[in-house]
Amino acid sequence: MAKQGVINNSTVDPNKILPMRYLWARKHYKDGVANNWTPEEISMQKDVEQWKSNDVLTDTERRLILWNLGFFSTAESLTANNLVLTVYKHVTNPECRQYLLRQSYEEAVHTDTFIYCCDSLGLNPDEIYTMYETIPSIKEKDDFVVELTKSMLNPDFNTIGSKNIQQFLHDLVGYYVIMEGIFFYAGFAMMLALKRQNKMVGIGEQFEYIMRDESIHLAFGCDLINTIKAENPEIWTADFQEKIVELIKQAVILEKQYAHDACPQGMLGINAQQFCDYVEYIADRRLERIDLPKVYGRTNPFPWMSQATDLSKEKNFFETRVTEYQTAGSLDWD
Ligand code: FE
Ligand code: MN
């Protein structure tokens with residue numbers, strides 16, 4: 001029997017994008033394009049001065065900047081590789097694939113951002129790009145995602161049958177909800193807290209742009225997960241839901257561990273516990289997004305974080321830099 005759906009659709013022609021079926025995928029694509037940016041648009045001048053000066057940054061702050069660069073520099077590539085090598089293969093719907101291409105490009109921009117940061121600050125790439133092996137709480141997060149998503153890298157994996165669809169959904173939760181939706185957020189909060197104090201504002205602005213992109217990646221991922229659930233309701237069993245909640249709880253433990261290790265004495269009036277509360281708060285939001293009950297019931301200790309995502313959307317929309325960028329782009333094509 002011919003099956004219609006976002007995966008396992010035996011009637012889909014991946015080259016025929018119209019008429020569209022999943023308008024959410026189209027919307028996320030357009031939102032991504034409207035948010036276009038590149039790291040070189042953001043000056044690192046002040047960051048370089050502060051990094052070289054002896055009296056702007058504390059040792060705690062320097063250490064957490066290095067840790068976050070260390071985590072993100074390799075995590076962005078890990079995400080891009082997962083996307084291109086596995087998600088793209090199994091999601092055959094053309095408008096979803098168009099979004100995946102856009103997302104892959106954004107991951108390339110994020111990877112480029114960390115190259116730009118290392119170059120401008122004169123950091124040692126051998127130190128930054130090996131932190132995912134040498135720093136235990138970074139390694140544990142990366143290992144967790146790699147382990148979670150291992151089965152999909154098997155060339156014989158397919159999404160036929162309930163067990164395999166569950167496996168696929170499980171891995172999508174690993175990529176989108178855990179990696180991009182939880183493991184990025186203690187780092188985002190630390191770097192944006194610094195920016196609020198006028199420290200490393202260039203990197204801070206780059207992190208804001210990355211966070212805004214990631215919020216769309218996460219939205220796409222949750223729409224994809226929810227669509228697969230709706231089209232294959234038999235797989236969303238109580239046992240399976242419990243398994244997903246357990247994974248998210250384990251991820252929260254690892255992210256809190258990371259927050260404690262990266263910033264043991266707290267910083268700028270924020271203590272390590274508040275970073276942990278924030279991780280629990282966002283984990284509840286992710287659970288709700290895929291129709292699972294929340295676990296932690298925290299209030300948001302950093303309301304300015306949600307403002308940073310919302311405001312930068314507005315800011316971006318009217319901002320001269322981006323407008324110029326878009327104008328320049330269209331002129332090139334005229
Ligand atoms: Fe990214
Ligand atoms: Mn991403």
# chains A, B, ... in the order shown; residues from 1 in each chain; ligands from 1

call {"tool": "closest_atom_pairs", "arguments": {"of": "chain A", "to": "ligand 2", "cutoff": "7 Å", "atoms": "only C-alpha atoms and all ligand atoms", "output": "CSV"}}
result
residue,atom,partner,partner_atom_place_in_ligand_line,distance
A:Glu76,CA,ligand 2,1 (Mn),6.9
A:Thr79,CA,ligand 2,1 (Mn),6.5
A:Gln103,CA,ligand 2,1 (Mn),6.7
A:Glu107,CA,ligand 2,1 (Mn),5.7
A:Glu180,CA,ligand 2,1 (Mn),5.7
A:Asp213,CA,ligand 2,1 (Mn),6.7
A:Glu214,CA,ligand 2,1 (Mn),4.7
A:His217,CA,ligand 2,1 (Mn),5.4

call {"tool": "write_last_selection", "arguments": {"atoms": "N, CA and C atoms", "output": "compact mmCIF listing (two decimals), in the first residue's frame"}}
result
# COMPACT_ATOMS: atom_id res chain seq x y z
N GLU A 76 29.37 22.11 16.63
CA GLU A 76 28.71 22.58 15.40
C GLU A 76 28.99 21.61 14.25
N THR A 79 27.01 18.40 14.72
CA THR A 79 25.62 18.59 14.31
C THR A 79 25.49 18.56 12.78
N GLN A 103 19.64 24.56 6.97
CA GLN A 103 20.21 24.35 8.30
C GLN A 103 21.68 23.95 8.20
N GLU A 107 24.90 25.70 9.92
CA GLU A 107 25.91 25.03 10.76
C GLU A 107 27.31 25.34 10.22
N GLU A 180 20.98 20.43 20.29
CA GLU A 180 20.75 21.84 19.96
C GLU A 180 19.84 22.53 20.98
N ASP A 213 19.50 31.32 15.37
CA ASP A 213 19.44 30.22 14.38
C ASP A 213 19.04 28.92 15.05
N GLU A 214 19.65 28.65 16.19
CA GLU A 214 19.36 27.36 16.86
C GLU A 214 17.91 27.27 17.28
N HIS A 217 16.27 25.90 14.35
CA HIS A 217 16.62 24.47 14.17
C HIS A 217 15.79 23.61 15.11

call {"tool": "residues_near_ligand", "arguments": {"ligand": "ligand 1", "cutoff": "10 Å", "atoms": "only C-alpha atoms and all ligand atoms", "output": "PyMOL selection string"}}
result
chain A and resi 72-73+75-80+103-111+113+179-180+184+207+209-215+217

call {"tool": "write_last_selection", "arguments": {"atoms": "N, CA and C atoms", "output": "short mmCIF file (atom, residue, chain, number, x, y, z; two decimals), in the first residue's frame"}}
result
data_model
loop_
_atom_site.label_atom_id
_atom_site.label_comp_id
_atom_site.auth_asym_id
_atom_site.auth_seq_id
_atom_site.Cartn_x
_atom_site.Cartn_y
_atom_site.Cartn_z
N PHE A 72 31.66 24.49 21.58
CA PHE A 72 30.90 24.81 20.36
C PHE A 72 31.71 24.55 19.09
N SER A 73 33.03 24.76 19.14
CA SER A 73 33.83 24.62 17.91
C SER A 73 33.64 23.24 17.30
N ALA A 75 31.14 20.94 18.44
CA ALA A 75 29.72 20.53 18.46
C ALA A 75 29.00 20.96 17.19
N GLU A 76 29.37 22.11 16.63
CA GLU A 76 28.71 22.58 15.40
C GLU A 76 28.99 21.61 14.25
N SER A 77 30.23 21.12 14.17
CA SER A 77 30.56 20.17 13.10
C SER A 77 29.87 18.83 13.32
N LEU A 78 29.80 18.42 14.57
CA LEU A 78 29.10 17.18 14.90
C LEU A 78 27.64 17.26 14.44
N THR A 79 27.01 18.40 14.72
CA THR A 79 25.62 18.59 14.31
C THR A 79 25.49 18.56 12.78
N ALA A 80 26.37 19.28 12.10
CA ALA A 80 26.31 19.33 10.64
C ALA A 80 26.49 17.93 10.05
N GLN A 103 19.64 24.56 6.97
CA GLN A 103 20.21 24.35 8.30
C GLN A 103 21.68 23.95 8.20
N SER A 104 21.99 23.11 7.22
CA SER A 104 23.39 22.67 7.06
C SER A 104 24.28 23.87 6.78
N TYR A 105 23.78 24.77 5.93
CA TYR A 105 24.55 25.99 5.64
C TYR A 105 24.76 26.80 6.92
N GLU A 106 23.70 26.92 7.72
CA GLU A 106 23.84 27.69 8.97
C GLU A 106 24.86 27.03 9.90
N GLU A 107 24.90 25.70 9.92
CA GLU A 107 25.91 25.03 10.76
C GLU A 107 27.31 25.34 10.22
N ALA A 108 27.43 25.47 8.89
CA ALA A 108 28.73 25.85 8.32
C ALA A 108 29.11 27.26 8.77
N VAL A 109 28.12 28.16 8.83
CA VAL A 109 28.37 29.53 9.31
C VAL A 109 28.80 29.49 10.78
N HIS A 110 28.16 28.62 11.56
CA HIS A 110 28.52 28.53 12.98
C HIS A 110 29.94 27.99 13.14
N THR A 111 30.27 26.98 12.34
CA THR A 111 31.64 26.44 12.38
C THR A 111 32.63 27.55 12.02
N THR A 113 32.24 30.69 12.49
CA THR A 113 32.30 31.65 13.59
C THR A 113 33.42 31.29 14.57
N MET A 179 21.01 17.90 21.77
CA MET A 179 22.21 18.64 21.38
C MET A 179 21.91 20.13 21.20
N GLU A 180 20.98 20.43 20.29
CA GLU A 180 20.75 21.84 19.96
C GLU A 180 19.84 22.53 20.98
N PHE A 184 23.40 23.27 24.24
CA PHE A 184 23.93 24.57 23.83
C PHE A 184 23.61 25.68 24.84
N PHE A 207 27.19 34.84 19.45
CA PHE A 207 26.40 33.82 20.15
C PHE A 207 24.90 34.13 20.07
N TYR A 209 23.37 35.57 17.55
CA TYR A 209 22.94 35.16 16.21
C TYR A 209 22.85 33.63 16.13
N ILE A 210 23.83 32.97 16.72
CA ILE A 210 23.78 31.49 16.70
C ILE A 210 22.56 31.01 17.46
N MET A 211 22.29 31.61 18.60
CA MET A 211 21.15 31.17 19.41
C MET A 211 19.84 31.38 18.64
N ARG A 212 19.76 32.48 17.92
CA ARG A 212 18.55 32.74 17.14
C ARG A 212 18.40 31.67 16.04
N ASP A 213 19.50 31.32 15.37
CA ASP A 213 19.44 30.22 14.38
C ASP A 213 19.04 28.92 15.05
N GLU A 214 19.65 28.65 16.19
CA GLU A 214 19.36 27.36 16.86
C GLU A 214 17.91 27.27 17.28
N SER A 215 17.30 28.42 17.61
CA SER A 215 15.90 28.35 18.03
C SER A 215 15.02 27.91 16.84
N HIS A 217 16.27 25.90 14.35
CA HIS A 217 16.62 24.47 14.17
C HIS A 217 15.79 23.61 15.11
#

call {"tool": "residues_around", "arguments": {"residues": "A:Phe144", "least_positions_apart": "6", "cutoff": "9 Å", "atoms": "only C-alpha atoms", "output": "PDB file with C-alpha atoms, in the first residue's frame"}}
result
ATOM      1  CA  GLY A 174      19.257  13.317  20.379  1.00  0.00           C
ATOM      2  CA  ALA A 251      21.096  15.125  29.280  1.00  0.00           C
ATOM      3  CA  LEU A 254      25.305  16.278  31.926  1.00  0.00           C
TER       4      LEU A 254
END

call {"tool": "residues_around", "arguments": {"residues": "A:Ala272", "least_positions_apart": "5", "cutoff": "10 Å", "atoms": "only C-alpha atoms", "output": "ChimeraX atom specification"}}
result
/A:256-257,259-267,277

call {"tool": "closest_residue", "arguments": {"among": "A:Gly221, A:Ile203, A:Ile270, A:Lys294", "to": "A:Val245", "atoms": "only C-alpha atoms"}}
result
A:Lys294

call {"tool": "closest_residue", "arguments": {"among": "A:Val87, A:Gln98, A:Met200, A:Glu127", "to": "A:Arg62", "atoms": "only C-alpha atoms"}}
result
A:Met200

call {"tool": "atom_distance", "arguments": {"atom1": "atom CA of A:Phe168", "atom2": "atom CA of A:Asp31"}}
result
25.8 Å

call {"tool": "residues_around", "arguments": {"residues": "stretch 185-194 of chain A", "least_positions_apart": "5", "cutoff": "8 Å", "atoms": "only C-alpha atoms", "output": "PyMOL selection string"}}
result
chain A and resi 64-65+68+199-201+203-204+207-208+211+255-256+258-259+268+275-276+278-279+305

call {"tool": "write_last_selection", "arguments": {"atoms": "N, CA, C and O atoms", "output": "compact mmCIF listing (two decimals), in the first residue's frame"}}
result
# COMPACT_ATOMS: atom_id res chain seq x y z
N LEU A 64 35.96 30.24 31.23
CA LEU A 64 34.67 29.82 30.67
C LEU A 64 34.51 30.22 29.21
O LEU A 64 33.82 29.53 28.45
N ILE A 65 35.18 31.28 28.79
CA ILE A 65 35.17 31.63 27.36
C ILE A 65 35.86 30.50 26.57
O ILE A 65 35.33 30.01 25.57
N ASN A 68 33.67 27.39 26.42
CA ASN A 68 32.53 27.48 25.50
C ASN A 68 33.00 27.44 24.05
O ASN A 68 32.37 26.79 23.22
N LYS A 199 31.46 42.64 28.24
CA LYS A 199 32.69 41.87 28.09
C LYS A 199 32.56 40.94 26.89
O LYS A 199 31.58 40.23 26.76
N MET A 200 33.56 40.96 26.02
CA MET A 200 33.58 40.13 24.82
C MET A 200 32.28 40.27 24.02
O MET A 200 31.61 39.30 23.69
N VAL A 201 31.97 41.53 23.69
CA VAL A 201 30.68 41.83 23.06
C VAL A 201 30.58 41.29 21.62
O VAL A 201 29.49 40.96 21.15
N ILE A 203 32.00 38.40 20.42
CA ILE A 203 31.65 36.99 20.56
C ILE A 203 30.22 36.86 21.08
O ILE A 203 29.45 36.03 20.63
N GLY A 204 29.85 37.75 22.01
CA GLY A 204 28.50 37.71 22.57
C GLY A 204 27.45 37.90 21.48
O GLY A 204 26.44 37.19 21.44
N PHE A 207 27.19 34.84 19.45
CA PHE A 207 26.40 33.82 20.15
C PHE A 207 24.90 34.13 20.07
O PHE A 207 24.08 33.23 19.99
N GLU A 208 24.55 35.42 20.10
CA GLU A 208 23.13 35.77 19.96
C GLU A 208 22.59 35.32 18.61
O GLU A 208 21.49 34.77 18.51
N MET A 211 22.29 31.61 18.60
CA MET A 211 21.15 31.17 19.41
C MET A 211 19.84 31.38 18.64
O MET A 211 18.95 30.54 18.69
N GLU A 255 24.40 18.47 31.34
CA GLU A 255 24.52 19.91 31.08
C GLU A 255 24.75 20.68 32.38
O GLU A 255 25.49 21.66 32.42
N LYS A 256 24.14 20.21 33.47
CA LYS A 256 24.36 20.87 34.76
C LYS A 256 25.80 20.63 35.22
O LYS A 256 26.44 21.52 35.79
N TYR A 258 28.32 20.24 33.25
CA TYR A 258 29.11 21.14 32.42
C TYR A 258 29.07 22.57 32.98
O TYR A 258 30.11 23.23 33.10
N ALA A 259 27.87 23.03 33.35
CA ALA A 259 27.73 24.39 33.87
C ALA A 259 28.57 24.56 35.14
O ALA A 259 29.27 25.56 35.31
N LEU A 268 29.88 37.24 37.79
CA LEU A 268 29.07 38.45 37.62
C LEU A 268 27.76 38.38 38.41
O LEU A 268 26.70 38.69 37.90
N PHE A 275 22.66 28.71 36.77
CA PHE A 275 22.83 28.12 35.43
C PHE A 275 22.11 26.76 35.39
O PHE A 275 21.48 26.40 34.39
N CYS A 276 22.22 26.01 36.49
CA CYS A 276 21.56 24.69 36.55
C CYS A 276 20.05 24.85 36.51
O CYS A 276 19.35 24.11 35.82
N TYR A 278 18.46 27.20 35.13
CA TYR A 278 18.11 27.60 33.77
C TYR A 278 18.04 26.37 32.85
O TYR A 278 17.12 26.24 32.04
N VAL A 279 19.00 25.46 33.01
CA VAL A 279 19.01 24.24 32.19
C VAL A 279 17.72 23.44 32.45
O VAL A 279 17.07 22.95 31.50
N MET A 305 17.31 36.03 28.87
CA MET A 305 17.68 35.10 27.80
C MET A 305 16.57 35.00 26.76
O MET A 305 16.84 34.98 25.57

call {"tool": "residues_around", "arguments": {"residues": "A:Leu100", "least_positions_apart": "5", "cutoff": "8 Å", "atoms": "only C-alpha atoms", "output": "list in words"}}
result
Leu83, Val84 and Tyr88 of chain A

call {"tool": "closest_residue", "arguments": {"among": "A:Lys195, A:Thr58, A:Phe71, A:Tyr99", "to": "A:Lys30", "atoms": "only C-alpha atoms"}}
result
A:Tyr99

call {"tool": "closest_atom_pairs", "arguments": {"of": "stretch 226-275 of chain A", "to": "stretch 4-22 of chain A", "cutoff": "8 Å", "atoms": "only C-alpha atoms", "output": "JSON lines"}}
result
{"residue": "A:Thr227", "atom": "CA", "partner": "A:Val6", "partner_atom": "CA", "distance": 7.3}
{"residue": "A:Ile228", "atom": "CA", "partner": "A:Val6", "partner_atom": "CA", "distance": 6.7}
{"residue": "A:Glu231", "atom": "CA", "partner": "A:Gly5", "partner_atom": "CA", "distance": 6.6}

call {"tool": "write_last_selection", "arguments": {"atoms": "all heavy atoms", "output": "CSV table (one decimal), in the first residue's frame"}}
result
chain,number,residue,atom,x,y,z
A,227,THR,N,5.4,15.6,13.7
A,227,THR,CA,4.7,15.1,12.5
A,227,THR,C,4.9,13.5,12.4
A,227,THR,O,4.0,12.8,12.1
A,227,THR,CB,5.3,15.8,11.3
A,227,THR,OG1,5.1,17.2,11.4
A,227,THR,CG2,4.7,15.3,10.0
A,228,ILE,N,6.1,13.1,12.7
A,228,ILE,CA,6.4,11.6,12.6
A,228,ILE,C,5.5,10.9,13.7
A,228,ILE,O,4.9,9.9,13.4
A,228,ILE,CB,7.9,11.3,12.8
A,228,ILE,CG1,8.7,11.8,11.7
A,228,ILE,CG2,8.1,9.8,13.0
A,228,ILE,CD1,10.2,11.7,11.9
A,231,GLU,N,1.9,10.9,12.3
A,231,GLU,CA,1.7,10.0,11.2
A,231,GLU,C,1.9,8.5,11.5
A,231,GLU,O,1.5,7.6,10.8
A,231,GLU,CB,2.6,10.4,10.0
A,231,GLU,CG,2.2,11.7,9.4
A,231,GLU,CD,3.2,12.3,8.4
A,231,GLU,OE1,4.3,11.8,8.3
A,231,GLU,OE2,2.8,13.2,7.6

call {"tool": "residues_around", "arguments": {"residues": "A:Leu23", "least_positions_apart": "6", "cutoff": "10 Å", "atoms": "only C-alpha atoms", "output": "PyMOL selection string"}}
result
chain A and resi 29+95-96

call {"tool": "atom_distance", "arguments": {"atom1": "atom CA of A:Met44", "atom2": "atom CA of A:Trp304"}}
result
23.3 Å

call {"tool": "select_by_dssp", "arguments": {"residues": "stretch 218-282 of chain A", "states": "alpha helix (DSSP H)", "output": "PyMOL selection string"}}
result
chain A and resi 218-231+238-262+272-282
